[in-house]
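Engineer: Data: coords-v7.tsv, TSV, C-alpha atoms.
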```
chain	number	residue	atom	x	y	z
A	1	ASP	CA	0.00	0.00	0.00
A	2	THR	CA	1.65	3.23	-1.18
A	3	GLU	CA	-1.32	5.47	-0.55
A	4	VAL	CA	-1.46	8.79	1.22
A	5	THR	CA	-4.99	10.01	1.78
A	6	GLN	CA	-6.11	13.58	2.36
A	7	THR	CA	-9.44	15.01	3.46
A	8	PRO	CA	-11.31	17.03	2.45
A	9	LYS	CA	-10.68	17.20	-1.30
A	10	HIS	CA	-12.07	20.73	-1.47
A	11	LEU	CA	-12.53	23.34	1.23
A	12	VAL	CA	-14.00	26.82	1.08
A	13	MET	CA	-13.62	28.94	4.19
A	14	GLY	CA	-14.05	32.52	5.27
A	15	MET	CA	-11.26	34.55	6.76
A	16	THR	CA	-12.69	34.19	10.27
A	17	ASN	CA	-13.24	30.44	10.12
A	18	LYS	CA	-11.25	27.66	11.76
A	19	LYS	CA	-10.80	24.48	9.77
A	20	SER	CA	-8.43	21.52	9.63
A	21	LEU	CA	-6.87	19.46	6.87
A	22	LYS	CA	-6.16	15.81	7.51
A	23	CYS	CA	-3.54	13.47	6.07
A	24	GLU	CA	-3.11	9.75	6.73
A	25	GLN	CA	-0.66	7.06	5.64
A	26	HIS	CA	-0.25	3.43	6.62
A	27	MET	CA	3.12	2.72	5.04
A	28	GLY	CA	5.03	2.91	8.32
A	29	HIS	CA	6.74	6.12	7.22
A	30	ARG	CA	8.13	8.21	10.06
A	31	ALA	CA	8.54	11.47	8.12
A	32	MET	CA	5.52	13.49	6.99
A	33	TYR	CA	5.35	16.76	5.09
A	34	TRP	CA	3.00	19.63	4.28
A	35	TYR	CA	3.44	21.51	1.01
A	36	LYS	CA	1.61	24.48	-0.45
A	37	GLN	CA	1.24	24.67	-4.24
A	38	LYS	CA	-0.02	27.65	-6.21
A	39	ALA	CA	-1.26	27.21	-9.75
A	40	LYS	CA	1.45	26.38	-12.32
A	41	LYS	CA	4.15	26.48	-9.62
A	42	PRO	CA	6.12	23.75	-7.87
A	43	PRO	CA	5.19	22.69	-4.34
A	44	GLU	CA	6.67	24.77	-1.54
A	45	LEU	CA	7.63	23.01	1.66
A	46	MET	CA	5.83	24.26	4.78
A	47	PHE	CA	6.48	21.77	7.59
A	48	VAL	CA	8.24	18.46	8.19
A	49	TYR	CA	7.56	16.04	11.01
A	50	SER	CA	10.09	13.34	11.79
A	51	TYR	CA	9.26	10.70	14.41
A	52	GLU	CA	6.20	12.75	15.35
A	53	LYS	CA	8.30	15.81	16.17
A	54	LEU	CA	8.34	19.03	14.18
A	55	SER	CA	11.71	19.03	12.40
A	56	ILE	CA	11.36	21.80	9.86
A	57	ASN	CA	9.17	24.93	9.80
A	58	GLU	CA	9.86	26.98	6.70
A	59	SER	CA	8.92	30.27	8.39
A	60	VAL	CA	5.23	29.64	7.89
A	61	PRO	CA	2.79	32.21	9.37
A	62	SER	CA	1.24	31.17	12.68
A	63	ARG	CA	-2.24	31.05	11.14
A	64	PHE	CA	-1.11	27.62	9.93
A	65	SER	CA	-0.66	25.19	12.82
A	66	PRO	CA	0.55	21.63	12.16
A	67	GLU	CA	-0.07	18.67	14.41
A	68	CYS	CA	1.13	15.07	14.31
A	69	PRO	CA	-1.03	13.05	16.75
A	70	ASN	CA	0.62	9.74	15.85
A	71	SER	CA	2.93	8.21	13.26
A	72	SER	CA	0.12	7.76	10.72
A	73	LEU	CA	-1.70	11.06	11.01
A	74	LEU	CA	-0.84	14.63	10.14
A	75	ASN	CA	-3.16	17.60	10.56
A	76	LEU	CA	-2.94	21.20	9.46
A	77	HIS	CA	-5.10	23.58	11.49
A	78	LEU	CA	-6.15	26.76	9.74
A	79	HIS	CA	-7.28	29.98	11.39
A	80	ALA	CA	-7.78	33.54	10.18
A	81	LEU	CA	-6.46	32.81	6.71
A	82	GLN	CA	-6.05	35.36	3.96
A	83	PRO	CA	-7.28	35.08	0.35
A	84	GLU	CA	-3.66	34.65	-0.79
A	85	ASP	CA	-3.55	31.41	1.19
A	86	SER	CA	-5.85	29.86	-1.40
A	87	ALA	CA	-3.87	27.00	-2.93
A	88	LEU	CA	-3.52	23.24	-3.23
A	89	TYR	CA	-2.19	21.77	0.01
A	90	LEU	CA	-0.27	18.55	-0.45
A	91	CYS	CA	0.73	16.04	2.17
A	92	ALA	CA	3.59	13.60	1.66
A	93	SER	CA	5.36	10.89	3.61
A	94	SER	CA	8.67	9.07	3.36
A	95	GLN	CA	10.90	6.62	5.10
A	96	THR	CA	13.70	8.07	7.20
A	97	VAL	CA	16.32	5.50	6.24
A	98	GLY	CA	17.02	3.59	3.05
A	99	SER	CA	14.62	4.60	0.29
A	100	TYR	CA	13.95	8.34	0.29
A	101	GLU	CA	11.20	8.99	-2.18
A	102	GLN	CA	8.28	11.01	-0.92
A	103	TYR	CA	4.78	9.72	-1.61
A	104	PHE	CA	2.18	12.42	-2.10
A	105	GLY	CA	-1.51	12.55	-1.37
A	106	PRO	CA	-4.04	13.94	-3.84
A	107	GLY	CA	-4.17	17.29	-2.07
A	108	THR	CA	-6.83	19.58	-0.64
A	109	ARG	CA	-7.92	22.50	-2.81
A	110	LEU	CA	-8.42	25.40	-0.39
A	111	THR	CA	-10.28	28.58	-1.28
A	112	VAL	CA	-10.34	31.45	1.22
A	113	THR	CA	-13.13	33.95	0.67
B	1	ALA	CA	21.80	26.27	-1.43
B	2	GLN	CA	20.74	23.84	-4.08
B	3	THR	CA	18.87	25.05	-7.15
B	4	VAL	CA	17.08	23.11	-9.87
B	5	THR	CA	16.43	24.55	-13.32
B	6	GLN	CA	14.02	23.28	-15.95
B	7	SER	CA	14.53	25.39	-19.05
B	8	GLN	CA	11.48	24.16	-21.01
B	9	PRO	CA	8.24	25.62	-19.60
B	10	GLU	CA	6.13	23.76	-22.16
B	11	MET	CA	6.56	20.94	-24.66
B	12	SER	CA	4.20	19.21	-27.05
B	13	VAL	CA	4.68	16.00	-29.05
B	14	GLN	CA	2.59	13.53	-30.98
B	15	GLU	CA	1.53	10.24	-29.48
B	16	ALA	CA	4.12	7.46	-29.85
B	17	GLU	CA	7.00	9.92	-30.26
B	18	THR	CA	9.98	10.13	-27.94
B	19	VAL	CA	10.43	13.27	-25.87
B	20	THR	CA	13.25	14.46	-23.60
B	21	LEU	CA	12.77	16.89	-20.73
B	22	SER	CA	15.84	18.69	-19.47
B	23	CYS	CA	16.90	19.48	-15.92
B	24	THR	CA	20.07	20.97	-14.49
B	25	TYR	CA	20.93	21.48	-10.86
B	26	ASP	CA	23.54	23.17	-8.78
B	27	THR	CA	25.04	21.65	-5.65
B	28	SER	CA	28.34	21.20	-3.86
B	29	GLU	CA	27.17	17.93	-2.32
B	30	SER	CA	28.53	14.57	-3.46
B	31	ASN	CA	25.77	12.37	-2.03
B	32	TYR	CA	22.25	13.20	-3.15
B	33	TYR	CA	19.18	11.92	-4.95
B	34	LEU	CA	17.37	13.18	-8.01
B	35	PHE	CA	13.75	12.56	-8.90
B	36	TRP	CA	11.23	13.18	-11.64
B	37	TYR	CA	7.63	13.61	-10.51
B	38	LYS	CA	4.61	14.00	-12.77
B	39	GLN	CA	1.47	15.88	-11.83
B	40	PRO	CA	-1.46	15.25	-14.19
B	41	PRO	CA	-4.57	17.45	-14.18
B	42	SER	CA	-5.91	15.22	-11.41
B	43	ARG	CA	-3.33	17.00	-9.18
B	44	GLN	CA	-1.70	13.92	-7.65
B	45	MET	CA	2.10	14.09	-7.60
B	46	ILE	CA	3.39	10.75	-8.85
B	47	LEU	CA	6.98	9.59	-8.64
B	48	VAL	CA	8.23	8.67	-12.11
B	49	ILE	CA	11.85	7.75	-11.52
B	50	ARG	CA	14.72	8.31	-9.11
B	51	GLN	CA	18.51	8.34	-9.40
B	52	GLU	CA	21.13	8.01	-6.67
B	53	ALA	CA	24.13	10.24	-7.34
B	54	TYR	CA	26.62	7.50	-6.42
B	55	LYS	CA	25.26	5.20	-9.14
B	56	GLN	CA	26.79	5.65	-12.57
B	57	GLN	CA	24.13	3.57	-14.27
B	58	ASN	CA	21.16	5.55	-15.53
B	59	ALA	CA	17.82	4.62	-13.97
B	60	THR	CA	15.03	3.19	-16.13
B	61	GLU	CA	11.37	2.47	-15.43
B	62	ASN	CA	9.57	0.92	-18.39
B	63	ARG	CA	9.19	3.74	-20.97
B	64	PHE	CA	10.94	6.26	-18.74
B	65	SER	CA	14.70	6.63	-18.55
B	66	VAL	CA	17.14	9.27	-17.41
B	67	ASN	CA	20.44	10.59	-18.70
B	68	PHE	CA	22.38	11.45	-15.55
B	69	GLN	CA	25.56	13.44	-16.15
B	70	LYS	CA	27.00	14.09	-12.69
B	71	ALA	CA	29.93	16.24	-13.76
B	72	ALA	CA	27.66	18.41	-15.89
B	73	LYS	CA	24.96	18.38	-13.18
B	74	SER	CA	22.38	17.37	-15.72
B	75	PHE	CA	19.44	15.01	-15.23
B	76	SER	CA	17.18	14.68	-18.27
B	77	LEU	CA	14.09	12.47	-18.58
B	78	LYS	CA	13.33	10.54	-21.76
B	79	ILE	CA	9.84	9.26	-22.41
B	80	SER	CA	9.66	6.65	-25.16
B	81	ASP	CA	6.51	5.72	-27.08
B	82	SER	CA	4.63	8.60	-25.45
B	83	GLN	CA	1.00	8.05	-24.53
B	84	LEU	CA	-1.94	10.40	-23.99
B	85	GLY	CA	-1.80	9.57	-20.29
B	86	ASP	CA	1.69	11.06	-20.10
B	87	THR	CA	0.17	14.53	-20.44
B	88	ALA	CA	1.12	16.26	-17.18
B	89	MET	CA	3.36	18.76	-15.47
B	90	TYR	CA	6.76	17.21	-14.86
B	91	PHE	CA	8.93	18.37	-11.98
B	92	CYS	CA	12.60	17.60	-11.52
B	93	ALA	CA	13.63	17.49	-7.86
B	94	PHE	CA	16.86	17.36	-5.86
B	95	MET	CA	17.21	15.90	-2.40
B	96	LYS	CA	20.02	15.70	0.09
B	97	PRO	CA	19.22	12.99	2.63
B	98	TYR	CA	19.44	13.17	6.39
B	99	ILE	CA	18.84	16.86	6.76
B	100	ILE	CA	17.29	16.53	10.22
B	101	GLN	CA	16.52	13.21	11.99
B	102	GLY	CA	15.87	11.39	8.73
B	103	ALA	CA	13.65	14.06	7.22
B	104	GLN	CA	14.59	15.36	3.82
B	105	LYS	CA	13.95	18.50	1.81
B	106	LEU	CA	12.99	18.27	-1.83
B	107	VAL	CA	14.03	21.17	-4.02
B	108	PHE	CA	11.82	21.34	-7.11
B	109	GLY	CA	12.40	22.89	-10.50
B	110	GLN	CA	9.71	25.14	-11.99
B	111	GLY	CA	8.24	22.32	-14.04
B	112	THR	CA	7.68	21.46	-17.69
B	113	ARG	CA	4.13	21.19	-18.97
B	114	LEU	CA	4.09	18.26	-21.40
B	115	THR	CA	1.19	17.70	-23.78
B	116	ILE	CA	0.85	14.50	-25.79
B	117	ASN	CA	-1.33	15.06	-28.87
B	118	PRO	CA	-3.35	12.26	-30.53
```
Would you mind writing the structure in this file as structure tokens?
Structural biologist:
Amino acid sequence: DTEVTQTPKHLVMGMTNKKSLKCEQHMGHRAMYWYKQKAKKPPELMFVYSYEKLSINESVPSRFSPECPNSSLLNLHLHALQPEDSALYLCASSQTVGSYEQYFGPGTRLTVT
Amino acid sequence: AQTVTQSQPEMSVQEAETVTLSCTYDTSESNYYLFWYKQPPSRQMILVIRQEAYKQQNATENRFSVNFQKAAKSFSLKISDSQLGDTAMYFCAFMKPYIIQGAQKLVFGQGTRLTINP
């Protein structure tokens, strides 16, 4: 099973709303990633969790709050977002030793109104 | 810092033709990995092929193969017998392993939009 799942597929939220994105994998990977992708651009790394601890934060605004409740789950909590935060949010996972390829989920298309 | 450059923003070929996508990168590292990912209109990023820098032999996966020139820092992707389903955005990516506790950072190029015409 090489599947990373993400919910919801689409999300529309107002600037005052609080919402969460969810990512799940059952490949036993101990590294999980959040990326933001604008149209016709490559993904931009936001956060990396390794062994359930936040390893990398690419200077992301605090209105984005990641959480890794266990080794299979990764959440991204959203609060007081801006219209420019509208994008495709991709989750990925990888092993931490040996093979290094990252497996991506299908993404959540977020629109902030 | 590593950089990845894809000089072809868009390409278009006829079905069954062979197409080559170019990628160059800049790094001072000796141990690293290179990847090609495809992202079709369905949005899912799919790994196409990977290459370890310490391996001289070029990686192949069915119709997909790479030409890895380490000294020239070049990593091109060749798609043989192209199919309509190959239509996608293709991203070249560089990775240095073991950045922090086993986590890695992927550095992506800007992408090449490939269209396969019937």
Engineer: Skipping near chain neighbours, those fewer than 6 positions away, what residues fall within 12 Å of Gln39 of chain B using all atoms listed in the file, listed as a PyMOL selection string?
Structural biologist: (chain A and resi 37+39-43+90+104-107) or (chain B and resi 45-48+85-92+111-114)
Engineer: Could you save the residues just selected, with C-alpha atoms, as a compact mmCIF listing (two decimals), in the frame of the given file?
Structural biologist:
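See result-v1.txt below for the written result:
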```txt
# COMPACT_ATOMS: atom_id res chain seq x y z
CA GLN A 37 1.24 24.67 -4.24
CA ALA A 39 -1.26 27.21 -9.75
CA LYS A 40 1.45 26.38 -12.32
CA LYS A 41 4.15 26.48 -9.62
CA PRO A 42 6.12 23.75 -7.87
CA PRO A 43 5.19 22.69 -4.34
CA LEU A 90 -0.27 18.55 -0.45
CA PHE A 104 2.18 12.42 -2.10
CA GLY A 105 -1.51 12.55 -1.37
CA PRO A 106 -4.04 13.94 -3.84
CA GLY A 107 -4.17 17.29 -2.07
CA MET B 45 2.10 14.09 -7.60
CA ILE B 46 3.39 10.75 -8.85
CA LEU B 47 6.98 9.59 -8.64
CA VAL B 48 8.23 8.67 -12.11
CA GLY B 85 -1.80 9.57 -20.29
CA ASP B 86 1.69 11.06 -20.10
CA THR B 87 0.17 14.53 -20.44
CA ALA B 88 1.12 16.26 -17.18
CA MET B 89 3.36 18.76 -15.47
CA TYR B 90 6.76 17.21 -14.86
CA PHE B 91 8.93 18.37 -11.98
CA CYS B 92 12.60 17.60 -11.52
CA GLY B 111 8.24 22.32 -14.04
CA THR B 112 7.68 21.46 -17.69
CA ARG B 113 4.13 21.19 -18.97
CA LEU B 114 4.09 18.26 -21.40
```
Engineer: With a distance threshold of 12 Å and counting all atoms listed in the file, extract the residues of chain A near chain B and express them as JSON, numbers by chain.
Structural biologist: {"A": [2, 3, 4, 5, 6, 9, 29, 30, 31, 32, 33, 34, 35, 37, 38, 39, 40, 41, 42, 43, 44, 45, 46, 47, 48, 49, 50, 51, 52, 53, 54, 55, 56, 57, 58, 87, 88, 89, 90, 91, 92, 93, 94, 95, 96, 97, 98, 99, 100, 101, 102, 103, 104, 105, 106, 107, 108, 109]}
Engineer: I'd like the contact shell of Leu78 of chain A - 10 Å cut-off, only C-alpha atoms, skipping same-chain residues fewer than 2 positions apart - returned as a list of chain:residue names.
Structural biologist: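 The residues satisfying every condition are A:Met13, A:Met15, A:Thr16, A:Asn17, A:Lys18, A:Lys19, A:Ser20, A:Leu21, A:Ser62, A:Arg63, A:Phe64, A:Ser65, A:Pro66, A:Asn75, A:Leu76, A:Ala80, A:Leu81.
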Engineer: May I ask for the distance between atom CA of Glu52 of chain B and atom CA of Trp36 of chain B, given in Å to one decimal place?
Structural biologist: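 Computing it gives 12.2 Å between the two atoms.
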Engineer: Which polymer residues, whether protein, DNA or RNA, lie within 12 Å of the coordinate (6.1, 7.8, -24.4) when you count all atoms listed in the file? List them as a VMD selection string, using the chain letters and numbers from the file.
Structural biologist: chain B and resid 12 to 21 61 to 65 77 to 87 114 to 117
Engineer: Expressed in Å to a single decimal, how great is the separation between atom CA of Ser22 of chain B and atom CA of Pro118 of chain B?
Structural biologist: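 Spanning atom CA of Ser22 of chain B to atom CA of Pro118 of chain B is a straight-line distance of 23.1 Å.
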Engineer: Using all atoms listed in the file, find the one residue out of A:Pro8, A:Lys22, A:Gly28, A:Ser86 that sits nearest to Ser71 of chain A.
Structural biologist: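 Of A:Pro8, A:Lys22, A:Gly28, A:Ser86, the one nearest Ser71 of chain A, counting all atoms listed in the file, is A:Gly28.
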Engineer: Between atom CA of Ala59 of chain B and atom CA of Glu10 of chain B, what distance in Å does the model show, to one decimal?
Structural biologist: 23.9 Å
Engineer: Env of Ala1 of chain B: 10 Å cut, atoms = all atoms listed in the file, seq-sep filter 2 positions within chain, self excluded. Answer as a list of chain:residue names.
Structural biologist: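 After dropping sequence-adjacent residues, the list is B:Thr3, B:Asp26, B:Thr27, B:Ser28, B:Glu29, B:Val107.
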Engineer: So, with all atoms listed in the file as the atoms that count, which of A:Val12, A:Leu74, A:Leu110, A:Glu24 lies closest to Lys36 of chain A?
Structural biologist: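 Smallest separation from Lys36 of chain A among the options: A:Leu110.
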Engineer: When you get a chance, write out N, CA, C and O atoms for segment 40-51 of chain B, as a PDB file, in the frame of the given file.
Structural biologist:
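Result file is selection_8.pdb:
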```
ATOM      1  N   PRO B  40      -0.417  15.103 -13.168  1.00  0.00           N
ATOM      2  CA  PRO B  40      -1.460  15.250 -14.190  1.00  0.00           C
ATOM      3  C   PRO B  40      -2.540  16.215 -13.713  1.00  0.00           C
ATOM      4  O   PRO B  40      -2.502  16.672 -12.569  1.00  0.00           O
ATOM      5  N   PRO B  41      -3.490  16.535 -14.582  1.00  0.00           N
ATOM      6  CA  PRO B  41      -4.570  17.450 -14.180  1.00  0.00           C
ATOM      7  C   PRO B  41      -5.321  16.997 -12.936  1.00  0.00           C
ATOM      8  O   PRO B  41      -5.946  17.809 -12.265  1.00  0.00           O
ATOM      9  N   SER B  42      -5.260  15.724 -12.617  1.00  0.00           N
ATOM     10  CA  SER B  42      -5.910  15.220 -11.410  1.00  0.00           C
ATOM     11  C   SER B  42      -5.224  15.707 -10.137  1.00  0.00           C
ATOM     12  O   SER B  42      -5.719  15.496  -9.036  1.00  0.00           O
ATOM     13  N   ARG B  43      -4.064  16.343 -10.267  1.00  0.00           N
ATOM     14  CA  ARG B  43      -3.330  17.000  -9.180  1.00  0.00           C
ATOM     15  C   ARG B  43      -2.359  16.103  -8.410  1.00  0.00           C
ATOM     16  O   ARG B  43      -1.491  16.613  -7.714  1.00  0.00           O
ATOM     17  N   GLN B  44      -2.549  14.785  -8.471  1.00  0.00           N
ATOM     18  CA  GLN B  44      -1.700  13.920  -7.650  1.00  0.00           C
ATOM     19  C   GLN B  44      -0.266  13.923  -8.170  1.00  0.00           C
ATOM     20  O   GLN B  44      -0.016  13.700  -9.348  1.00  0.00           O
ATOM     21  N   MET B  45       0.675  14.168  -7.260  1.00  0.00           N
ATOM     22  CA  MET B  45       2.100  14.090  -7.600  1.00  0.00           C
ATOM     23  C   MET B  45       2.514  12.622  -7.586  1.00  0.00           C
ATOM     24  O   MET B  45       2.379  11.943  -6.571  1.00  0.00           O
ATOM     25  N   ILE B  46       3.033  12.161  -8.713  1.00  0.00           N
ATOM     26  CA  ILE B  46       3.390  10.750  -8.850  1.00  0.00           C
ATOM     27  C   ILE B  46       4.877  10.633  -9.147  1.00  0.00           C
ATOM     28  O   ILE B  46       5.384  11.291 -10.062  1.00  0.00           O
ATOM     29  N   LEU B  47       5.560   9.809  -8.380  1.00  0.00           N
ATOM     30  CA  LEU B  47       6.980   9.590  -8.640  1.00  0.00           C
ATOM     31  C   LEU B  47       7.146   8.808  -9.934  1.00  0.00           C
ATOM     32  O   LEU B  47       6.556   7.750 -10.109  1.00  0.00           O
ATOM     33  N   VAL B  48       7.978   9.323 -10.830  1.00  0.00           N
ATOM     34  CA  VAL B  48       8.230   8.670 -12.110  1.00  0.00           C
ATOM     35  C   VAL B  48       9.497   7.828 -12.024  1.00  0.00           C
ATOM     36  O   VAL B  48       9.510   6.653 -12.415  1.00  0.00           O
ATOM     37  N   ILE B  49      10.574   8.433 -11.510  1.00  0.00           N
ATOM     38  CA  ILE B  49      11.850   7.750 -11.520  1.00  0.00           C
ATOM     39  C   ILE B  49      12.791   8.449 -10.542  1.00  0.00           C
ATOM     40  O   ILE B  49      12.621   9.642 -10.274  1.00  0.00           O
ATOM     41  N   ARG B  50      13.750   7.712 -10.006  1.00  0.00           N
ATOM     42  CA  ARG B  50      14.720   8.310  -9.110  1.00  0.00           C
ATOM     43  C   ARG B  50      16.123   7.829  -9.476  1.00  0.00           C
ATOM     44  O   ARG B  50      16.293   6.765 -10.070  1.00  0.00           O
ATOM     45  N   GLN B  51      17.109   8.647  -9.094  1.00  0.00           N
ATOM     46  CA  GLN B  51      18.510   8.340  -9.400  1.00  0.00           C
ATOM     47  C   GLN B  51      19.352   8.677  -8.177  1.00  0.00           C
ATOM     48  O   GLN B  51      19.245   9.790  -7.643  1.00  0.00           O
TER      49      GLN B  51
END
```
